[in-house]
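> Dropping in protein.txt, which is compact mmCIF, C-alpha atoms:
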# COMPACT_ATOMS: atom_id res chain seq x y z
CA MET A 1 80.93 17.61 34.76
CA ASN A 2 77.63 19.07 35.80
CA PHE A 3 75.80 21.59 33.63
CA PRO A 4 73.59 24.13 35.35
CA MET A 5 69.82 23.59 34.85
CA THR A 6 69.43 26.95 33.09
CA ALA A 7 71.90 25.92 30.40
CA VAL A 8 69.98 22.69 29.74
CA VAL A 9 66.68 24.53 29.44
CA SER A 10 68.22 27.14 27.16
CA ARG A 11 69.72 24.50 24.88
CA PHE A 12 66.34 22.65 24.74
CA ALA A 13 64.52 25.88 23.90
CA CYS A 14 66.94 26.65 21.06
CA THR A 15 66.56 23.16 19.65
CA PHE A 16 62.73 23.41 19.85
CA ARG A 17 62.68 26.79 18.08
CA ARG A 18 64.99 25.47 15.36
CA HIS A 19 62.70 22.47 14.71
CA ALA A 20 59.61 24.66 14.81
CA ARG A 21 61.04 27.02 12.16
CA ARG A 22 61.94 24.03 9.97
CA LEU A 23 58.39 22.60 10.24
CA ALA A 24 56.85 25.98 9.53
CA ARG A 25 58.87 26.37 6.35
CA GLY A 26 57.76 22.86 5.22
CA GLU A 27 53.99 23.51 5.55
CA SER A 28 52.65 24.12 2.04
CA GLY A 29 48.86 23.35 2.59
CA ILE A 30 46.64 21.84 -0.16
CA THR A 31 46.15 22.98 -3.72
CA LEU A 32 42.85 23.93 -5.39
CA ILE A 33 42.93 20.74 -7.49
CA GLU A 34 43.26 18.60 -4.36
CA LEU A 35 40.38 20.47 -2.75
CA LEU A 36 38.12 20.01 -5.79
CA THR A 37 39.04 16.32 -6.02
CA SER A 38 38.17 15.77 -2.35
CA MET A 39 34.86 17.58 -2.76
CA SER A 40 34.00 15.51 -5.84
CA ILE A 41 34.67 12.25 -4.00
CA LEU A 42 32.60 13.46 -1.04
CA MET A 43 29.68 14.38 -3.32
CA LEU A 44 29.79 10.94 -4.96
CA VAL A 45 29.69 9.21 -1.59
CA ILE A 46 26.84 11.41 -0.31
CA GLY A 47 24.87 10.91 -3.55
CA ALA A 48 25.19 7.12 -3.30
CA LEU A 49 24.09 7.16 0.33
CA GLY A 50 21.14 9.44 -0.52
CA THR A 51 20.01 7.19 -3.36
CA THR A 52 20.16 4.15 -1.11
CA PHE A 53 18.19 5.92 1.61
CA VAL A 54 15.45 7.08 -0.80
CA SER A 55 15.21 3.63 -2.35
CA GLY A 56 14.83 2.01 1.06
CA THR A 57 12.18 4.52 2.11
CA ASN A 58 10.16 3.94 -1.07
CA ALA A 59 10.41 0.19 -0.62
CA GLU A 60 9.09 0.46 2.93
CA VAL A 61 6.18 2.68 1.84
CA ASN A 62 5.24 0.27 -0.97
CA MET A 63 5.44 -2.72 1.35
CA ASN A 64 3.20 -1.06 3.95
CA ARG A 65 0.70 -0.02 1.27
CA ARG A 66 0.63 -3.53 -0.17
CA PHE A 67 0.10 -5.09 3.25
CA GLN A 68 -2.68 -2.62 4.11
CA SER A 69 -4.50 -3.11 0.81
CA GLN A 70 -4.38 -6.90 1.11
CA THR A 71 -5.62 -6.77 4.69
CA ASN A 72 -8.51 -4.49 3.73
CA ALA A 73 -9.48 -6.79 0.86
CA ARG A 74 -9.62 -9.79 3.21
CA LEU A 75 -11.75 -7.85 5.71
CA ALA A 76 -14.09 -6.71 2.91
CA LEU A 77 -14.52 -10.27 1.67
CA SER A 78 -15.22 -11.52 5.20
CA THR A 79 -17.90 -8.87 5.78
CA LEU A 80 -19.42 -9.38 2.33
CA ARG A 81 -19.51 -13.15 2.84
CA ARG A 82 -21.50 -12.74 6.05
CA GLU A 83 -24.03 -10.41 4.40
CA VAL A 84 -24.44 -12.59 1.31
CA HIS A 85 -25.08 -15.63 3.51
CA ASN A 86 -27.95 -13.71 5.14
CA ALA A 87 -29.37 -12.45 1.83
CA CYS A 88 -32.38 -13.98 0.12
CA ALA A 89 -31.71 -12.42 -3.31
CA ILE A 90 -29.14 -10.29 -5.11
CA SER A 91 -29.07 -7.91 -8.04
CA VAL A 92 -25.82 -7.20 -9.92
CA THR A 93 -25.64 -4.10 -12.13
CA THR A 94 -22.61 -3.54 -14.38
CA ASN A 95 -21.91 -0.36 -16.34
CA SER A 96 -19.00 -1.02 -18.70
CA VAL A 97 -19.02 2.57 -19.99
CA ALA A 98 -18.73 4.25 -16.59
CA LYS A 99 -16.72 1.27 -15.27
CA THR A 100 -18.87 0.74 -12.22
CA GLN A 101 -20.52 -2.29 -10.70
CA ASP A 102 -23.15 -2.59 -7.97
CA VAL A 103 -24.52 -5.60 -6.11
CA THR A 104 -27.67 -5.09 -4.07
CA LEU A 105 -28.47 -7.57 -1.29
CA TYR A 106 -32.09 -8.26 -0.32
CA VAL A 107 -33.04 -9.69 3.07
CA LEU A 108 -36.04 -11.59 4.38
CA THR A 109 -38.84 -9.64 5.97
CA PRO A 110 -39.86 -10.90 9.40
CA GLY A 111 -43.40 -12.02 10.01
CA PRO A 112 -45.63 -15.03 10.11
CA VAL A 113 -44.51 -15.81 6.54
CA TYR A 114 -40.98 -14.84 5.63
CA ASP A 115 -40.83 -13.11 2.27
CA CYS A 116 -38.13 -11.63 0.05
CA PRO A 117 -39.70 -8.62 -1.68
CA SER A 118 -37.73 -6.26 -3.95
CA THR A 119 -38.26 -3.48 -1.42
CA SER A 120 -36.52 -5.32 1.40
CA VAL A 121 -32.98 -4.05 0.67
CA GLY A 122 -30.23 -4.67 3.17
CA SER A 123 -27.15 -3.04 1.64
CA THR A 124 -25.42 -2.33 -1.65
CA TRP A 125 -21.75 -2.82 -2.46
CA CYS A 126 -20.15 -1.00 -5.38
CA THR A 127 -16.85 -0.35 -7.14
CA ARG A 128 -15.82 3.15 -8.17
CA GLY A 129 -12.61 4.45 -9.71
CA SER A 130 -10.71 4.67 -12.99
CA GLY A 131 -7.68 3.27 -14.77
CA LEU A 132 -6.17 0.46 -12.74
CA ARG A 133 -7.33 1.69 -9.35
CA PHE A 134 -10.83 1.02 -8.07
CA LYS A 135 -12.29 1.18 -4.59
CA LEU A 136 -14.97 -0.94 -2.94
CA TYR A 137 -17.73 0.84 -1.03
CA ARG A 138 -20.66 -0.32 1.07
CA LYS A 139 -23.80 1.65 1.76
CA ALA A 140 -27.08 0.77 3.43
CA GLY A 141 -30.04 0.86 1.06
CA ALA A 142 -30.53 0.36 -2.66
CA THR A 143 -27.90 2.86 -3.88
CA CYS A 144 -24.15 2.99 -3.48
CA ASN A 145 -21.55 5.65 -4.23
CA THR A 146 -18.35 7.14 -2.86
CA THR A 147 -20.19 8.57 0.15
CA GLY A 148 -20.48 5.06 1.55
CA VAL A 149 -17.95 3.29 3.71
CA ARG A 150 -14.79 2.38 1.82
CA TRP A 151 -13.79 -1.20 2.51
CA ALA A 152 -11.05 -1.88 -0.04
CA ASP A 153 -8.72 0.03 -2.32
CA PHE A 154 -6.33 -0.61 -5.21
CA LEU A 155 -8.59 -3.08 -7.00
CA THR A 156 -7.27 -3.45 -10.55
CA THR A 157 -10.73 -3.77 -12.12
CA TYR A 158 -14.29 -2.69 -11.46
CA ASN A 159 -15.78 -6.01 -12.56
CA VAL A 160 -15.49 -7.98 -9.31
CA PHE A 161 -19.00 -9.48 -8.93
CA SER A 162 -20.65 -12.26 -10.92
CA THR A 163 -23.59 -14.65 -10.70
CA PRO A 164 -22.29 -18.11 -11.53
CA THR A 165 -24.60 -20.76 -12.92
CA VAL A 166 -25.66 -23.34 -10.34
CA ASP A 167 -27.06 -26.84 -10.75
CA ALA A 168 -30.59 -27.84 -9.91
CA ASP A 169 -31.51 -27.86 -6.23
CA GLU A 170 -28.55 -25.62 -5.41
CA LEU A 171 -28.62 -22.24 -3.74
CA PRO A 172 -27.85 -19.19 -5.90
CA LYS A 173 -24.36 -17.80 -5.46
CA LEU A 174 -22.44 -14.58 -5.78
CA GLY A 175 -19.00 -14.81 -7.34
CA ILE A 176 -16.25 -12.61 -5.92
CA ASP A 177 -12.90 -11.83 -7.56
CA PHE A 178 -10.83 -9.17 -5.77
CA THR A 179 -7.51 -8.52 -7.52
CA VAL A 180 -5.36 -6.04 -5.59
CA ASP A 181 -2.16 -4.28 -6.64
CA PRO A 182 -1.13 -0.92 -5.10
CA ASN A 183 1.45 -0.24 -7.83
CA PRO A 184 0.41 -1.92 -11.10
CA ALA A 185 2.44 0.52 -13.25
CA ALA A 186 5.71 -0.87 -11.85
CA SER A 187 6.19 -4.62 -11.59
CA PRO A 188 2.71 -6.15 -11.19
CA ARG A 189 2.37 -8.13 -7.98
CA LEU A 190 -1.24 -9.24 -7.96
CA TYR A 191 -2.96 -10.41 -4.80
CA GLU A 192 -6.20 -12.18 -5.70
CA LEU A 193 -9.10 -13.30 -3.55
CA VAL A 194 -11.66 -15.54 -5.27
CA ASP A 195 -14.81 -16.94 -3.67
CA SER A 196 -18.28 -18.18 -4.54
CA ILE A 197 -20.74 -17.36 -1.74
CA ALA A 198 -24.13 -19.04 -1.40
CA LEU A 199 -27.28 -17.14 -0.46
CA ARG A 200 -28.47 -19.31 2.42
CA ASN A 201 -31.86 -17.62 2.72
CA ALA A 202 -32.68 -17.86 -0.99
CA PRO A 203 -34.88 -20.56 -2.54
CA ARG A 204 -33.13 -23.32 -4.38
CA SER A 205 -33.17 -23.35 -8.16
Let me see the structure of the file written as structure tokens.


Amino acid sequence: MNFPMTAVVSRFACTFRRHARRLARGESGITLIELLTSMSILMLVIGALGTTFVSGTNAEVNMNRRFQSQTNARLALSTLRREVHNACAISVTTNSVAKTQDVTLYVLTPGPVYDCPSTSVGSTWCTRGSGLRFKLYRKAGATCNTTGVRWADFLTTYNVFSTPTVDADELPKLGIDFTVDPNPAASPRLYELVDSIALRNAPRS
């Protein structure tokens, strides 16, 4: 027995409307407690992700600062080593009250007879700062301050220069001790450069 197409469509439409009304009556939505619970969980997840992101950013900044400070300290030592090798005399001045230290390098004067007078100043290196952060500056002439060229930063002490005792017939030397730490208040991670540089143009003791 064949049913006309219109009857089939009509029966399908009635069935669809009946199911639609049943589904509509069953939709109750979400309660306020469910909404607040979902928001609380979402806030916890976002807070954890934010904390992780901030921690990673700070770690990257500290790592870059540590790398830069160590690189600058190595460059400063290399430049200072070259100038000390060319010096004929040095003068180290330490002020424990102001927490400053200067080292003046004297160079030979050209002429028929090479001399090393106190007026023949090449450059002066100095440390300036406070607390656990000091900077290393270089300036041409007999004085040095923060207007000079900054070569290193984040030194943990101002007392970085010394004049070690040498044996007879040895050249005088300048002791260097650069201790660098960009964040000493946290977990100290010291990077230390130690050297003893001979004054090749100075007379032997």

> Please build the interface table for segment 100-157 of chain A against segment 180-189 of chain A with a cut-off of 6 Å, listing for each qualifying residue the nearest atom pair and the distance in Å to one decimal; count only C-alpha atoms, order rows by chain and increasing number, and write it as JSON lines.


{"residue": "A:Phe154", "atom": "CA", "partner": "A:Pro182", "partner_atom": "CA", "distance": 5.2}
{"residue": "A:Leu155", "atom": "CA", "partner": "A:Val180", "partner_atom": "CA", "distance": 4.6}
{"residue": "A:Thr156", "atom": "CA", "partner": "A:Val180", "partner_atom": "CA", "distance": 5.9}

> Name the closest residue to Glu170 of chain A among the candidates A:Asn201, A:Thr119, A:Gln101, A:Ser91; distances are taken between atoms, counting only C-alpha atoms.

A:Asn201

> What are the closest atom pairs, with distances in Å to one decimal, for each residue of segment 139-202 of chain A lying within 12 Å of segment 93-97 of chain A, using only C-alpha atoms, rows by chain and rising residue number, as CSV?


residue,atom,partner,partner_atom,distance
A:Ala142,CA,A:Thr93,CA,11.6
A:Thr143,CA,A:Thr93,CA,11.0
A:Cys144,CA,A:Thr93,CA,11.3
A:Thr157,CA,A:Ser96,CA,10.9
A:Tyr158,CA,A:Ser96,CA,8.8
A:Asn159,CA,A:Thr94,CA,7.5
A:Val160,CA,A:Thr94,CA,9.8
A:Phe161,CA,A:Thr94,CA,8.8
A:Ser162,CA,A:Thr94,CA,9.6
A:Thr163,CA,A:Thr93,CA,10.8

> Please measure the separation of atom CA of Phe134 of chain A and atom CA of Ser196 of chain A, giving the value in Å to one decimal.

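Between atom CA of Phe134 of chain A and atom CA of Ser196 of chain A the gap is 20.9 Å.
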
> Kindly give the distance, in Å, that separates atom CA of Val149 of chain A and atom CA of Tyr191 of chain A, rounded to a single decimal.

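Result for atom CA of Val149 of chain A versus atom CA of Tyr191 of chain A: 22.0 Å, one decimal.
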
> Expressed in Å to a single decimal, how great is the separation between atom CA of Asp177 of chain A and atom CA of Arg66 of chain A?

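Going from atom CA of Asp177 of chain A over to atom CA of Arg66 of chain A, I get 17.5 Å.
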
> Tell me, counting only C-alpha atoms, for each residue of segment 89-112 of chain A within 8 Å of segment 124-131 of chain A, which pair of atoms is nearest and how far apart they are in Å to one decimal, in rows ordered by chain and increasing number, as CSV.


residue,atom,partner,partner_atom,distance
A:Lys99,CA,A:Ser130,CA,7.3
A:Thr100,CA,A:Thr127,CA,5.6
A:Gln101,CA,A:Thr127,CA,5.5
A:Asp102,CA,A:Cys126,CA,4.3
A:Val103,CA,A:Trp125,CA,5.4
A:Thr104,CA,A:Thr124,CA,4.3
A:Leu105,CA,A:Thr124,CA,6.1

> With N, CA and C atoms as the atom set, please write segment 151-187 of chain A from the structure just given, as a tab-separated table (two decimals), in the first residue's frame.


chain	number	residue	atom	x	y	z
A	151	TRP	N	82.85	50.35	32.50
A	151	TRP	CA	83.30	49.10	31.90
A	151	TRP	C	82.65	47.87	32.52
A	152	ALA	N	82.29	47.94	33.79
A	152	ALA	CA	81.71	46.78	34.45
A	152	ALA	C	80.69	47.25	35.47
A	153	ASP	N	79.77	46.35	35.79
A	153	ASP	CA	78.70	46.66	36.75
A	153	ASP	C	78.47	45.43	37.62
A	154	PHE	N	77.75	45.65	38.71
A	154	PHE	CA	77.36	44.59	39.64
A	154	PHE	C	78.56	43.95	40.35
A	155	LEU	N	79.63	44.73	40.56
A	155	LEU	CA	80.69	44.26	41.43
A	155	LEU	C	80.19	44.26	42.87
A	156	THR	N	80.50	43.23	43.62
A	156	THR	CA	79.97	43.12	44.98
A	156	THR	C	80.78	43.89	46.01
A	157	THR	N	81.94	44.41	45.62
A	157	THR	CA	82.77	45.18	46.54
A	157	THR	C	83.53	46.25	45.76
A	158	TYR	N	83.93	47.29	46.49
A	158	TYR	CA	84.70	48.36	45.86
A	158	TYR	C	86.19	48.05	45.88
A	159	ASN	N	86.61	47.16	46.75
A	159	ASN	CA	88.03	46.87	46.95
A	159	ASN	C	88.47	45.78	45.99
A	160	VAL	N	88.80	46.18	44.76
A	160	VAL	CA	89.12	45.20	43.71
A	160	VAL	C	90.58	45.25	43.28
A	161	PHE	N	91.33	46.28	43.71
A	161	PHE	CA	92.73	46.42	43.31
A	161	PHE	C	93.64	46.20	44.52
A	162	SER	N	94.82	45.66	44.24
A	162	SER	CA	95.82	45.45	45.30
A	162	SER	C	97.20	45.48	44.67
A	163	THR	N	98.20	45.63	45.52
A	163	THR	CA	99.60	45.62	45.06
A	163	THR	C	100.32	44.49	45.79
A	164	PRO	N	100.32	43.33	45.23
A	164	PRO	CA	100.94	42.18	45.90
A	164	PRO	C	102.46	42.34	46.02
A	165	THR	N	102.99	41.73	47.06
A	165	THR	CA	104.43	41.74	47.28
A	165	THR	C	105.11	40.82	46.27
A	166	VAL	N	106.19	41.30	45.68
A	166	VAL	CA	106.93	40.52	44.69
A	166	VAL	C	108.34	40.24	45.22
A	167	ASP	N	108.94	39.19	44.70
A	167	ASP	CA	110.31	38.84	45.10
A	167	ASP	C	111.32	39.76	44.41
A	168	ALA	N	112.54	39.64	44.84
A	168	ALA	CA	113.61	40.44	44.24
A	168	ALA	C	113.76	40.12	42.76
A	169	ASP	N	114.10	41.14	42.00
A	169	ASP	CA	114.29	41.04	40.55
A	169	ASP	C	113.00	40.69	39.81
A	170	GLU	N	111.87	40.94	40.44
A	170	GLU	CA	110.59	40.74	39.75
A	170	GLU	C	109.94	42.08	39.45
A	171	LEU	N	109.13	42.09	38.43
A	171	LEU	CA	108.39	43.29	38.08
A	171	LEU	C	107.25	43.53	39.09
A	172	PRO	N	106.96	44.80	39.40
A	172	PRO	CA	105.79	45.07	40.25
A	172	PRO	C	104.51	44.63	39.56
A	173	LYS	N	103.51	44.31	40.37
A	173	LYS	CA	102.26	43.77	39.82
A	173	LYS	C	101.05	44.50	40.42
A	174	LEU	N	99.97	44.40	39.68
A	174	LEU	CA	98.68	44.90	40.14
A	174	LEU	C	97.73	43.72	40.27
A	175	GLY	N	97.23	43.52	41.49
A	175	GLY	CA	96.28	42.44	41.71
A	175	GLY	C	94.85	42.87	41.38
A	176	ILE	N	94.13	41.98	40.72
A	176	ILE	CA	92.75	42.25	40.31
A	176	ILE	C	91.85	41.15	40.88
A	177	ASP	N	90.72	41.57	41.46
A	177	ASP	CA	89.74	40.60	41.96
A	177	ASP	C	88.34	41.16	41.69
A	178	PHE	N	87.77	40.77	40.56
A	178	PHE	CA	86.42	41.20	40.18
A	178	PHE	C	85.44	40.10	40.59
A	179	THR	N	84.58	40.40	41.54
A	179	THR	CA	83.51	39.48	41.95
A	179	THR	C	82.18	40.07	41.53
A	180	VAL	N	81.47	39.38	40.66
A	180	VAL	CA	80.26	39.90	40.03
A	180	VAL	C	79.06	39.06	40.45
A	181	ASP	N	77.96	39.75	40.79
A	181	ASP	CA	76.70	39.08	41.09
A	181	ASP	C	75.57	40.08	40.88
A	182	PRO	N	74.75	39.93	39.82
A	182	PRO	CA	73.69	40.90	39.55
A	182	PRO	C	72.57	40.89	40.59
A	183	ASN	N	72.42	39.79	41.33
A	183	ASN	CA	71.32	39.70	42.30
A	183	ASN	C	71.81	39.05	43.58
A	184	PRO	N	72.66	39.75	44.35
A	184	PRO	CA	73.22	39.14	45.56
A	184	PRO	C	72.20	38.97	46.67
A	185	ALA	N	71.09	39.72	46.65
A	185	ALA	CA	70.09	39.61	47.72
A	185	ALA	C	69.33	38.30	47.65
A	186	ALA	N	69.27	37.67	46.47
A	186	ALA	CA	68.57	36.39	46.33
A	186	ALA	C	69.51	35.25	46.72
A	187	SER	N	69.75	34.35	45.81
A	187	SER	CA	70.71	33.27	46.07
A	187	SER	C	72.03	33.67	45.43
